[in-house]
Amino acid sequence: MSEETITRIHRGNKEYILIGTAHVSKNSAEQVKKVIDQEQPDAVCIELDAQRYKSVMEGNKWKDTDIFQVIKDKKAVMLLMNLAISSFQKRMAKQFGIRPGEEMIQGIESAKEHNAELVLADRDIQITFARIWGNINLKGKAMLMMQVVGSIFSKEEISEQEMEKMKQQDTINAMLKEFTEYFPDLKKPLIDERDQYLSQKIKEAPGEKVVAVLGAAHVPGITKEIEKEHDIKKLMERPKKSKVPKIIGWSIPIAIIAIIAYTFMMNPQAGWQQTLSWTLWNGSLSAIGAAAAFAHPLAILTAFVAAPITSLNPLLAAGWFAGFVQAYIKRPNVGDFDQLADDVHSVKGFWQNKVTRILLVVVLANLGSSLGTFIGGVDVVRVFINNLFG
């Protein structure tokens, strides 16, 4: 085995053996097995959180998961990120014949084989992305979602040079590399904080000898951070949300309602004209958006009915209701998500995939509702001004 990828740290009566693996290297899994066989550790730490561990261990069981249960359990973000990571890995596997993550699976199997305590040492991926999300502005959020979705649907091949660079990164870092170049502050939640979290979990692992299976990029940071004490609870906190977007989001519908109400008091006929305009613009354009996505007729009707109401509540969106109806009638499972990377390679597959269809219904119905809100809002103000100044 190459000692260049092995880092030994002694603190008190404990020894920590860090294996710096390459997530896209065929040799890493073999090295993990050799080290654990040789060292016979009391505990094995792996760079996975509980949710990713479950995904790795259960594999195809995720395919049978009800999408409504995923949403109910608040795992939608995790599912989207897993889809992005899975698509990214599939491209590497197809192009280079490599299955990323084998070294983590080997770490799990070897820990069981030697009766070592298995420690899931990485931070919950949802917390990591929540802290990333909280550190960027509206433009950054749009860019991040574009990159995530783009990584799902991308067919771009990875060069040999890029592959070599990936051997020094974990999958999440590699997938968001371009994004972090635009927002260097995100290095803190994406890398630095995870180094701190990982180091603390490794340090707290039971026994006198601990082996940690890690992406090579994390080893230098963990070697430094393991000498310090870190507050796990603080690193798991979700960022506080700014009140400004909420204030703006509520101010606009309140203003629309106030204008219509005042117009009703002045001139009921003009008030009804505003109400009809608001309803038709919102409902019709949202329904047209759903129809453009080839939504089920009931989903289109839902978009029409919901849009005038949801446009007055920032916590709701017409596309969500239309998408829910579409999902209820054409219920997908996670297996449909798994097929996305293949289905989107053709127009036929893109339109036939149940999940993609729901995404189109949600996005286009919301887009239509937003356009209807703008046009309907302008018309409400126009009628108000005309009635006020005669």
# chains A, B, ... in the order shown; residues from 1 in each chain; ligands from 1
>>> residues_around(residues="range 39-49 of chain A", least_positions_apart="4", cutoff="8 Å", atoms="only C-alpha atoms", output="PyMOL selection string")
chain A and resi 35+53+104+107-108+111+114-125+198+202+205-215
>>> select_by_dssp(residues="range 178-367 of chain A", states="helix (DSSP H, G or I)", output="MDAnalysis selection string")
chainID A and resid 178:182 184:203 216:225 232:235 244:266 268:292 297:310 318:329 334:338 340:343 347:352 354:367
>>> atom_distance(atom1="CA of Thr310 in chain A", atom2="CA of Phe384 in chain A")
22.0 Å
>>> atom_distance(atom1="CA of Asn282 in chain A", atom2="CA of Lys241 in chain A")
28.7 Å
>>> select_by_dssp(residues="range 209-369 of chain A", states="strand (DSSP E)", output="list in words")
Lys209, Val210, Val211, Ala212, Val213, Leu214 and Gly215 of chain A
>>> closest_residue(among="A:Ile222, A:Glu204, A:Lys228, A:Leu315", to="Trp250 in chain A", atoms="only C-alpha atoms")
A:Leu315
>>> residues_around(residues="range 126-128 of chain A", least_positions_apart="2", cutoff="7 Å", atoms="only C-alpha atoms", output="JSON, numbers by chain")
{"A": [77, 78, 123, 124, 130, 131, 132, 189, 190, 236, 238]}
>>> closest_residue(among="A:Ser199, A:Asn353, A:Asn27, A:Ser55", to="Glu229 in chain A", atoms="only C-alpha atoms")
A:Ser199
>>> residues_around(residues="range 323-327 of chain A", least_positions_apart="6", cutoff="6 Å", atoms="only C-alpha atoms", output="ChimeraX atom specification")
/A:299,358,361-362
>>> write_last_selection(atoms="N, CA and C atoms", output="compact mmCIF listing (two decimals), in the first residue's frame")
# COMPACT_ATOMS: atom_id res chain seq x y z
N ALA A 299 -55.18 18.60 -13.62
CA ALA A 299 -54.05 19.43 -13.17
C ALA A 299 -54.14 20.82 -13.79
N ILE A 358 -43.98 16.06 -14.22
CA ILE A 358 -44.41 16.81 -13.03
C ILE A 358 -43.60 18.08 -12.88
N VAL A 361 -44.87 20.60 -15.27
CA VAL A 361 -46.16 21.14 -14.83
C VAL A 361 -45.94 22.20 -13.74
N VAL A 362 -45.11 21.87 -12.75
CA VAL A 362 -44.85 22.79 -11.64
C VAL A 362 -44.21 24.09 -12.16
>>> atom_distance(atom1="CA of Ala303 in chain A", atom2="CA of Gly283 in chain A")
6.6 Å
>>> closest_residue(among="A:Lys54, A:Trp281, A:Phe129, A:Thr21", to="Lys187 in chain A", atoms="only C-alpha atoms")
A:Phe129
>>> decode(residues="range 222-254 of chain A", atoms="N, CA and C atoms", output="PDB file, in the first residue's frame")
ATOM      1  N   ILE A 222      -8.499  17.934   8.019  1.00  0.00           N
ATOM      2  CA  ILE A 222      -8.800  17.139   9.203  1.00  0.00           C
ATOM      3  C   ILE A 222      -7.561  16.990  10.083  1.00  0.00           C
ATOM      4  N   THR A 223      -6.398  16.821   9.466  1.00  0.00           N
ATOM      5  CA  THR A 223      -5.146  16.723  10.222  1.00  0.00           C
ATOM      6  C   THR A 223      -4.929  17.963  11.085  1.00  0.00           C
ATOM      7  N   LYS A 224      -5.327  19.102  10.560  1.00  0.00           N
ATOM      8  CA  LYS A 224      -5.200  20.369  11.293  1.00  0.00           C
ATOM      9  C   LYS A 224      -6.313  20.519  12.334  1.00  0.00           C
ATOM     10  N   GLU A 225      -7.554  20.217  11.930  1.00  0.00           N
ATOM     11  CA  GLU A 225      -8.709  20.471  12.803  1.00  0.00           C
ATOM     12  C   GLU A 225      -8.846  19.457  13.941  1.00  0.00           C
ATOM     13  N   ILE A 226      -8.248  18.292  13.800  1.00  0.00           N
ATOM     14  CA  ILE A 226      -8.404  17.267  14.828  1.00  0.00           C
ATOM     15  C   ILE A 226      -7.698  17.655  16.123  1.00  0.00           C
ATOM     16  N   GLU A 227      -6.814  18.642  16.039  1.00  0.00           N
ATOM     17  CA  GLU A 227      -6.123  19.128  17.234  1.00  0.00           C
ATOM     18  C   GLU A 227      -6.987  20.112  18.022  1.00  0.00           C
ATOM     19  N   LYS A 228      -8.141  20.483  17.468  1.00  0.00           N
ATOM     20  CA  LYS A 228      -9.019  21.457  18.116  1.00  0.00           C
ATOM     21  C   LYS A 228     -10.326  20.783  18.528  1.00  0.00           C
ATOM     22  N   GLU A 229     -11.090  21.491  19.367  1.00  0.00           N
ATOM     23  CA  GLU A 229     -12.420  21.025  19.748  1.00  0.00           C
ATOM     24  C   GLU A 229     -13.464  21.787  18.932  1.00  0.00           C
ATOM     25  N   HIS A 230     -14.449  21.066  18.404  1.00  0.00           N
ATOM     26  CA  HIS A 230     -15.473  21.694  17.577  1.00  0.00           C
ATOM     27  C   HIS A 230     -16.863  21.352  18.117  1.00  0.00           C
ATOM     28  N   ASP A 231     -17.753  22.325  18.036  1.00  0.00           N
ATOM     29  CA  ASP A 231     -19.123  22.169  18.528  1.00  0.00           C
ATOM     30  C   ASP A 231     -19.989  21.559  17.426  1.00  0.00           C
ATOM     31  N   ILE A 232     -20.287  20.264  17.559  1.00  0.00           N
ATOM     32  CA  ILE A 232     -21.083  19.565  16.544  1.00  0.00           C
ATOM     33  C   ILE A 232     -22.466  20.195  16.384  1.00  0.00           C
ATOM     34  N   LYS A 233     -23.091  20.562  17.508  1.00  0.00           N
ATOM     35  CA  LYS A 233     -24.434  21.149  17.454  1.00  0.00           C
ATOM     36  C   LYS A 233     -24.427  22.452  16.665  1.00  0.00           C
ATOM     37  N   LYS A 234     -23.399  23.259  16.863  1.00  0.00           N
ATOM     38  CA  LYS A 234     -23.305  24.535  16.143  1.00  0.00           C
ATOM     39  C   LYS A 234     -23.111  24.300  14.649  1.00  0.00           C
ATOM     40  N   LEU A 235     -22.320  23.297  14.305  1.00  0.00           N
ATOM     41  CA  LEU A 235     -22.078  22.984  12.893  1.00  0.00           C
ATOM     42  C   LEU A 235     -23.312  22.392  12.218  1.00  0.00           C
ATOM     43  N   MET A 236     -24.277  21.923  13.027  1.00  0.00           N
ATOM     44  CA  MET A 236     -25.507  21.342  12.488  1.00  0.00           C
ATOM     45  C   MET A 236     -26.655  22.346  12.418  1.00  0.00           C
ATOM     46  N   GLU A 237     -26.426  23.574  12.853  1.00  0.00           N
ATOM     47  CA  GLU A 237     -27.484  24.579  12.849  1.00  0.00           C
ATOM     48  C   GLU A 237     -27.799  25.045  11.426  1.00  0.00           C
ATOM     49  N   ARG A 238     -29.085  25.212  11.156  1.00  0.00           N
ATOM     50  CA  ARG A 238     -29.489  25.793   9.876  1.00  0.00           C
ATOM     51  C   ARG A 238     -29.415  27.309   9.971  1.00  0.00           C
ATOM     52  N   PRO A 239     -28.993  27.998   8.920  1.00  0.00           N
ATOM     53  CA  PRO A 239     -28.864  29.465   8.974  1.00  0.00           C
ATOM     54  C   PRO A 239     -30.211  30.155   9.153  1.00  0.00           C
ATOM     55  N   LYS A 240     -30.184  31.267   9.872  1.00  0.00           N
ATOM     56  CA  LYS A 240     -31.409  32.036  10.067  1.00  0.00           C
ATOM     57  C   LYS A 240     -31.780  32.748   8.771  1.00  0.00           C
ATOM     58  N   LYS A 241     -33.066  32.723   8.458  1.00  0.00           N
ATOM     59  CA  LYS A 241     -33.536  33.329   7.212  1.00  0.00           C
ATOM     60  C   LYS A 241     -33.757  34.829   7.389  1.00  0.00           C
ATOM     61  N   SER A 242     -33.411  35.591   6.334  1.00  0.00           N
ATOM     62  CA  SER A 242     -33.626  37.029   6.353  1.00  0.00           C
ATOM     63  C   SER A 242     -35.122  37.331   6.283  1.00  0.00           C
ATOM     64  N   LYS A 243     -35.546  38.372   6.977  1.00  0.00           N
ATOM     65  CA  LYS A 243     -36.960  38.749   6.996  1.00  0.00           C
ATOM     66  C   LYS A 243     -37.342  39.637   5.807  1.00  0.00           C
ATOM     67  N   VAL A 244     -36.348  40.186   5.106  1.00  0.00           N
ATOM     68  CA  VAL A 244     -36.620  41.126   4.009  1.00  0.00           C
ATOM     69  C   VAL A 244     -37.434  40.489   2.883  1.00  0.00           C
ATOM     70  N   PRO A 245     -37.021  39.303   2.348  1.00  0.00           N
ATOM     71  CA  PRO A 245     -37.819  38.689   1.276  1.00  0.00           C
ATOM     72  C   PRO A 245     -39.255  38.398   1.719  1.00  0.00           C
ATOM     73  N   LYS A 246     -39.411  37.995   2.980  1.00  0.00           N
ATOM     74  CA  LYS A 246     -40.746  37.700   3.483  1.00  0.00           C
ATOM     75  C   LYS A 246     -41.595  38.966   3.535  1.00  0.00           C
ATOM     76  N   ILE A 247     -40.971  40.076   3.960  1.00  0.00           N
ATOM     77  CA  ILE A 247     -41.698  41.349   4.030  1.00  0.00           C
ATOM     78  C   ILE A 247     -42.143  41.801   2.644  1.00  0.00           C
ATOM     79  N   ILE A 248     -41.218  41.702   1.687  1.00  0.00           N
ATOM     80  CA  ILE A 248     -41.543  42.089   0.310  1.00  0.00           C
ATOM     81  C   ILE A 248     -42.613  41.165  -0.255  1.00  0.00           C
ATOM     82  N   GLY A 249     -42.451  39.848   0.016  1.00  0.00           N
ATOM     83  CA  GLY A 249     -43.396  38.862  -0.502  1.00  0.00           C
ATOM     84  C   GLY A 249     -44.812  39.072  -0.017  1.00  0.00           C
ATOM     85  N   TRP A 250     -44.957  39.521   1.223  1.00  0.00           N
ATOM     86  CA  TRP A 250     -46.296  39.776   1.758  1.00  0.00           C
ATOM     87  C   TRP A 250     -46.813  41.172   1.398  1.00  0.00           C
ATOM     88  N   SER A 251     -45.923  42.117   1.199  1.00  0.00           N
ATOM     89  CA  SER A 251     -46.337  43.501   0.919  1.00  0.00           C
ATOM     90  C   SER A 251     -47.109  43.610  -0.396  1.00  0.00           C
ATOM     91  N   ILE A 252     -46.630  42.910  -1.422  1.00  0.00           N
ATOM     92  CA  ILE A 252     -47.270  43.009  -2.736  1.00  0.00           C
ATOM     93  C   ILE A 252     -48.711  42.488  -2.725  1.00  0.00           C
ATOM     94  N   PRO A 253     -48.967  41.253  -2.233  1.00  0.00           N
ATOM     95  CA  PRO A 253     -50.367  40.792  -2.211  1.00  0.00           C
ATOM     96  C   PRO A 253     -51.258  41.622  -1.292  1.00  0.00           C
ATOM     97  N   ILE A 254     -50.697  42.096  -0.183  1.00  0.00           N
ATOM     98  CA  ILE A 254     -51.490  42.944   0.722  1.00  0.00           C
ATOM     99  C   ILE A 254     -51.901  44.225   0.007  1.00  0.00           C
TER     100      ILE A 254
END
